[in-house]
Amino acid sequence: MKKIIIVPMLLVLIMLTACGKPAWIGHQEAAPLEGTQSLFDLKPYDPNEQIAGTFERHPKFPIGVYLPEGATAFQMGNDTAWGFQSQQIFMTVTKNSLIEPSLMRDRTEELMGYKEYRGSINDGRIADFFQVEQGGETYIVSFTYLDKAKALPLLMDMAKSLRIVEDGNS
């Protein structure tokens with residue numbers, strides 16, 4: 001009787017492990033991230049600053065970004081996204097994240113050294129999450145993309161160009 005129960009259970013375990021994820025993956029917690037570099041330097045926006053691209057202010061928050069050639073601002077659900085909609089490469093900034101930290105089990109190795117990086121979700125489309133503190137506010141910045149090699153350099157440059165917009169500047 002025990003053999004009848006154990007054999008199918010072993011087969012299920014072997015099948016799940018062969019798929020690349022052990023059967024107990026749902027109960028794993030992600031290791032804490034401890035990056036030391038800063039990706040974001042939220043300086044005040046200066047209209048005289050010489051940066052390639054067009055400055056685009058967020059419609060709800062006092063923050064904006066320099067968009068590289070070909071990038072646009074567009075609606076992504078309830079959020080404003082900046083990037084390349086047709087290529088599915090974009091960045092969003094929100095104040096509240098609905099993403100449960102325990103779901104961010106994946107890691108994008110190229111981002112591990114940044115102290116703002118909180119983790120990723122990879123379900124065929126990659127979403128990387130960062131937490132940025134500025135002026136007593138907490139912002140969640142997310143990168144979303146399919147092709148890491150193509151997207152990460154663009155998104156990281158955009159993230160470095162984020163600026164705080166003082167009242168009266170836009």
# chains A, B, ... in the order shown; residues from 1 in each chain; ligands from 1
>>> residues_around(residues="Ser120 (chain A)", least_positions_apart="4", cutoff="7 Å", atoms="only C-alpha atoms", output="PyMOL selection string")
chain A and resi 104-108+126-129
>>> residues_around(residues="Asn78 (chain A)", least_positions_apart="3", cutoff="12 Å", atoms="only C-alpha atoms", output="list of chain:residue names")
A:Pro59, A:Lys60, A:Phe74, A:Gln75, A:Ala81, A:Thr92, A:Val93, A:Thr94
>>> residues_around(residues="Tyr145 (chain A)", least_positions_apart="6", cutoff="8 Å", atoms="only C-alpha atoms", output="PyMOL selection string")
chain A and resi 88-90+125-127+151
>>> write_last_selection(atoms="C-alpha atoms", output="PDB file, in the first residue's frame")
ATOM      1  CA  GLN A  88       6.885  46.490 -24.651  1.00  0.00           C
ATOM      2  CA  ILE A  89       9.751  48.331 -22.936  1.00  0.00           C
ATOM      3  CA  PHE A  90       8.581  50.840 -20.336  1.00  0.00           C
ATOM      4  CA  ARG A 125       7.505  39.311 -19.282  1.00  0.00           C
ATOM      5  CA  ILE A 126       9.973  40.681 -16.741  1.00  0.00           C
ATOM      6  CA  ALA A 127       8.994  43.326 -14.172  1.00  0.00           C
ATOM      7  CA  ALA A 151      15.599  46.899 -22.658  1.00  0.00           C
TER       8      ALA A 151
END
>>> select_by_dssp(residues="region 84-160 of chain A", states="alpha helix (DSSP H)", output="VMD selection string")
chain A and resid 148 to 160
>>> write_last_selection(atoms="N, CA and C atoms", output="PDB file, in the first residue's frame")
ATOM      1  N   LYS A 148      15.701  41.421 -22.241  1.00  0.00           N
ATOM      2  CA  LYS A 148      16.584  42.056 -21.258  1.00  0.00           C
ATOM      3  C   LYS A 148      17.746  42.789 -21.916  1.00  0.00           C
ATOM      4  N   ALA A 149      18.408  42.171 -22.889  1.00  0.00           N
ATOM      5  CA  ALA A 149      19.584  42.768 -23.520  1.00  0.00           C
ATOM      6  C   ALA A 149      19.242  44.095 -24.200  1.00  0.00           C
ATOM      7  N   LYS A 150      18.083  44.164 -24.787  1.00  0.00           N
ATOM      8  CA  LYS A 150      17.655  45.373 -25.488  1.00  0.00           C
ATOM      9  C   LYS A 150      17.110  46.424 -24.517  1.00  0.00           C
ATOM     10  N   ALA A 151      16.349  45.982 -23.523  1.00  0.00           N
ATOM     11  CA  ALA A 151      15.599  46.899 -22.658  1.00  0.00           C
ATOM     12  C   ALA A 151      16.401  47.502 -21.507  1.00  0.00           C
ATOM     13  N   LEU A 152      17.199  46.700 -20.830  1.00  0.00           N
ATOM     14  CA  LEU A 152      17.843  47.207 -19.610  1.00  0.00           C
ATOM     15  C   LEU A 152      18.707  48.445 -19.829  1.00  0.00           C
ATOM     16  N   PRO A 153      19.549  48.521 -20.862  1.00  0.00           N
ATOM     17  CA  PRO A 153      20.321  49.755 -21.039  1.00  0.00           C
ATOM     18  C   PRO A 153      19.427  50.988 -21.216  1.00  0.00           C
ATOM     19  N   LEU A 154      18.346  50.856 -21.971  1.00  0.00           N
ATOM     20  CA  LEU A 154      17.425  51.976 -22.178  1.00  0.00           C
ATOM     21  C   LEU A 154      16.742  52.384 -20.874  1.00  0.00           C
ATOM     22  N   LEU A 155      16.228  51.401 -20.145  1.00  0.00           N
ATOM     23  CA  LEU A 155      15.502  51.686 -18.912  1.00  0.00           C
ATOM     24  C   LEU A 155      16.422  52.232 -17.822  1.00  0.00           C
ATOM     25  N   MET A 156      17.625  51.721 -17.736  1.00  0.00           N
ATOM     26  CA  MET A 156      18.562  52.218 -16.725  1.00  0.00           C
ATOM     27  C   MET A 156      18.957  53.668 -17.021  1.00  0.00           C
ATOM     28  N   ASP A 157      19.152  54.004 -18.294  1.00  0.00           N
ATOM     29  CA  ASP A 157      19.447  55.400 -18.643  1.00  0.00           C
ATOM     30  C   ASP A 157      18.267  56.306 -18.301  1.00  0.00           C
ATOM     31  N   MET A 158      17.049  55.833 -18.577  1.00  0.00           N
ATOM     32  CA  MET A 158      15.874  56.623 -18.234  1.00  0.00           C
ATOM     33  C   MET A 158      15.780  56.811 -16.715  1.00  0.00           C
ATOM     34  N   ALA A 159      16.040  55.744 -15.959  1.00  0.00           N
ATOM     35  CA  ALA A 159      15.961  55.832 -14.498  1.00  0.00           C
ATOM     36  C   ALA A 159      16.973  56.836 -13.955  1.00  0.00           C
ATOM     37  N   LYS A 160      18.151  56.873 -14.542  1.00  0.00           N
ATOM     38  CA  LYS A 160      19.181  57.824 -14.099  1.00  0.00           C
ATOM     39  C   LYS A 160      18.796  59.263 -14.417  1.00  0.00           C
TER      40      LYS A 160
END
>>> select_by_dssp(residues="region 9-169 of chain A", states="strand (DSSP E)", output="ChimeraX atom specification")
/A:43-44,54-57,63-67,72-76,79-84,89-94,117-122,126-134,137-145,163-164
>>> write_last_selection(atoms="N, CA and C atoms", output="short mmCIF file (atom, residue, chain, number, x, y, z; two decimals), in the first residue's frame")
data_model
loop_
_atom_site.label_atom_id
_atom_site.label_comp_id
_atom_site.auth_asym_id
_atom_site.auth_seq_id
_atom_site.Cartn_x
_atom_site.Cartn_y
_atom_site.Cartn_z
N LYS A 43 17.77 64.46 -8.70
CA LYS A 43 18.11 65.88 -8.60
C LYS A 43 16.89 66.70 -9.02
N PRO A 44 16.86 67.97 -8.60
CA PRO A 44 15.79 68.84 -9.08
C PRO A 44 15.91 69.05 -10.60
N THR A 54 13.72 64.39 -24.48
CA THR A 54 12.66 65.34 -24.17
C THR A 54 12.19 65.09 -22.75
N PHE A 55 12.10 66.16 -21.94
CA PHE A 55 11.65 65.99 -20.56
C PHE A 55 10.14 65.85 -20.52
N GLU A 56 9.66 64.85 -19.78
CA GLU A 56 8.23 64.56 -19.65
C GLU A 56 7.90 64.45 -18.17
N ARG A 57 7.01 65.33 -17.69
CA ARG A 57 6.61 65.30 -16.29
C ARG A 57 5.49 64.28 -16.08
N ILE A 63 7.59 64.50 -10.41
CA ILE A 63 8.74 63.77 -10.92
C ILE A 63 8.62 63.71 -12.44
N GLY A 64 9.73 63.67 -13.11
CA GLY A 64 9.72 63.58 -14.56
C GLY A 64 10.96 62.83 -15.03
N VAL A 65 11.02 62.61 -16.34
CA VAL A 65 12.11 61.82 -16.92
C VAL A 65 12.46 62.37 -18.30
N TYR A 66 13.71 62.22 -18.68
CA TYR A 66 14.13 62.55 -20.04
C TYR A 66 13.89 61.31 -20.90
N LEU A 67 13.04 61.47 -21.91
CA LEU A 67 12.73 60.36 -22.81
C LEU A 67 13.68 60.35 -23.99
N THR A 72 7.90 57.49 -25.65
CA THR A 72 6.75 58.36 -25.42
C THR A 72 6.17 58.09 -24.03
N ALA A 73 5.27 58.96 -23.61
CA ALA A 73 4.46 58.73 -22.41
C ALA A 73 3.13 58.16 -22.89
N PHE A 74 2.63 57.14 -22.20
CA PHE A 74 1.36 56.54 -22.58
C PHE A 74 0.69 55.94 -21.35
N GLN A 75 -0.61 55.68 -21.46
CA GLN A 75 -1.37 55.08 -20.36
C GLN A 75 -1.17 53.57 -20.34
N MET A 76 -0.86 53.05 -19.18
CA MET A 76 -0.73 51.61 -18.96
C MET A 76 -1.62 51.28 -17.77
N ASP A 79 -1.83 53.75 -14.71
CA ASP A 79 -0.55 54.42 -14.56
C ASP A 79 -0.11 55.08 -15.86
N THR A 80 0.77 56.05 -15.71
CA THR A 80 1.46 56.62 -16.86
C THR A 80 2.75 55.85 -17.02
N ALA A 81 3.02 55.42 -18.22
CA ALA A 81 4.26 54.69 -18.51
C ALA A 81 5.10 55.53 -19.45
N TRP A 82 6.40 55.37 -19.35
CA TRP A 82 7.34 56.04 -20.24
C TRP A 82 8.16 54.97 -20.93
N GLY A 83 8.25 55.05 -22.24
CA GLY A 83 9.09 54.09 -22.94
C GLY A 83 8.64 53.83 -24.35
N PHE A 84 8.76 52.58 -24.74
CA PHE A 84 8.52 52.15 -26.12
C PHE A 84 7.37 51.14 -26.10
N ILE A 89 8.65 47.91 -23.81
CA ILE A 89 9.75 48.33 -22.94
C ILE A 89 9.30 49.63 -22.29
N PHE A 90 9.03 49.61 -20.97
CA PHE A 90 8.58 50.84 -20.34
C PHE A 90 8.89 50.87 -18.84
N MET A 91 8.82 52.09 -18.30
CA MET A 91 9.05 52.34 -16.88
C MET A 91 7.83 53.06 -16.33
N THR A 92 7.41 52.71 -15.12
CA THR A 92 6.34 53.42 -14.44
C THR A 92 6.82 53.87 -13.07
N VAL A 93 6.18 54.91 -12.55
CA VAL A 93 6.45 55.41 -11.21
C VAL A 93 5.11 55.51 -10.50
N THR A 94 5.01 54.87 -9.34
CA THR A 94 3.79 54.95 -8.53
C THR A 94 4.17 55.24 -7.09
N TYR A 117 16.92 48.42 -5.62
CA TYR A 117 16.31 47.24 -6.26
C TYR A 117 15.66 46.34 -5.21
N ARG A 118 14.40 45.92 -5.47
CA ARG A 118 13.66 45.09 -4.52
C ARG A 118 13.37 43.69 -5.03
N GLY A 119 13.50 43.46 -6.33
CA GLY A 119 13.24 42.14 -6.86
C GLY A 119 12.48 42.21 -8.17
N SER A 120 12.20 41.04 -8.71
CA SER A 120 11.57 40.96 -10.02
C SER A 120 10.52 39.86 -10.05
N ILE A 121 9.66 39.97 -11.02
CA ILE A 121 8.70 38.91 -11.33
C ILE A 121 8.92 38.58 -12.80
N ASN A 122 9.16 37.32 -13.09
CA ASN A 122 9.36 36.91 -14.48
C ASN A 122 8.32 35.85 -14.81
N ILE A 126 9.24 40.38 -17.97
CA ILE A 126 9.97 40.68 -16.74
C ILE A 126 9.51 42.03 -16.19
N ALA A 127 9.30 42.08 -14.88
CA ALA A 127 8.99 43.33 -14.17
C ALA A 127 9.98 43.43 -13.01
N ASP A 128 10.81 44.48 -13.04
CA ASP A 128 11.79 44.75 -11.98
C ASP A 128 11.25 45.90 -11.14
N PHE A 129 11.43 45.81 -9.82
CA PHE A 129 10.87 46.81 -8.92
C PHE A 129 11.96 47.47 -8.07
N PHE A 130 11.83 48.79 -7.90
CA PHE A 130 12.75 49.59 -7.11
C PHE A 130 11.94 50.45 -6.15
N GLN A 131 12.51 50.73 -5.00
CA GLN A 131 11.88 51.62 -4.02
C GLN A 131 12.78 52.83 -3.85
N VAL A 132 12.23 54.02 -4.09
CA VAL A 132 13.00 55.25 -4.06
C VAL A 132 12.37 56.20 -3.05
N GLU A 133 13.17 56.73 -2.15
CA GLU A 133 12.70 57.69 -1.15
C GLU A 133 13.13 59.09 -1.59
N GLN A 134 12.18 60.02 -1.57
CA GLN A 134 12.50 61.40 -1.94
C GLN A 134 11.54 62.35 -1.27
N GLU A 137 8.60 61.08 0.62
CA GLU A 137 7.70 60.22 -0.14
C GLU A 137 8.44 58.95 -0.59
N THR A 138 7.68 57.88 -0.72
CA THR A 138 8.23 56.63 -1.24
C THR A 138 7.61 56.37 -2.60
N TYR A 139 8.47 56.20 -3.59
CA TYR A 139 8.03 55.91 -4.95
C TYR A 139 8.46 54.50 -5.32
N ILE A 140 7.60 53.83 -6.07
CA ILE A 140 7.93 52.51 -6.62
C ILE A 140 8.15 52.72 -8.12
N VAL A 141 9.35 52.41 -8.56
CA VAL A 141 9.69 52.50 -9.97
C VAL A 141 9.75 51.07 -10.50
N SER A 142 9.10 50.83 -11.62
CA SER A 142 9.15 49.48 -12.20
C SER A 142 9.58 49.55 -13.66
N PHE A 143 10.38 48.58 -14.04
CA PHE A 143 10.77 48.36 -15.43
C PHE A 143 9.97 47.16 -15.91
N THR A 144 9.44 47.21 -17.11
CA THR A 144 8.73 46.07 -17.69
C THR A 144 9.25 45.86 -19.11
N TYR A 145 9.56 44.60 -19.43
CA TYR A 145 10.14 44.31 -20.74
C TYR A 145 10.13 42.81 -21.03
N ARG A 163 13.98 63.16 -12.53
CA ARG A 163 14.22 64.41 -11.83
C ARG A 163 12.99 64.78 -11.02
N ILE A 164 13.22 65.48 -9.92
CA ILE A 164 12.14 66.04 -9.10
C ILE A 164 11.75 67.38 -9.70
#
>>> closest_residue(among="A:Pro68, A:Gly35, A:Gly124, A:Gly113", to="Ile51 (chain A)", atoms="only C-alpha atoms")
A:Pro68
>>> atom_distance(atom1="CA of Ser38 (chain A)", atom2="CA of Val165 (chain A)")
19.9 Å
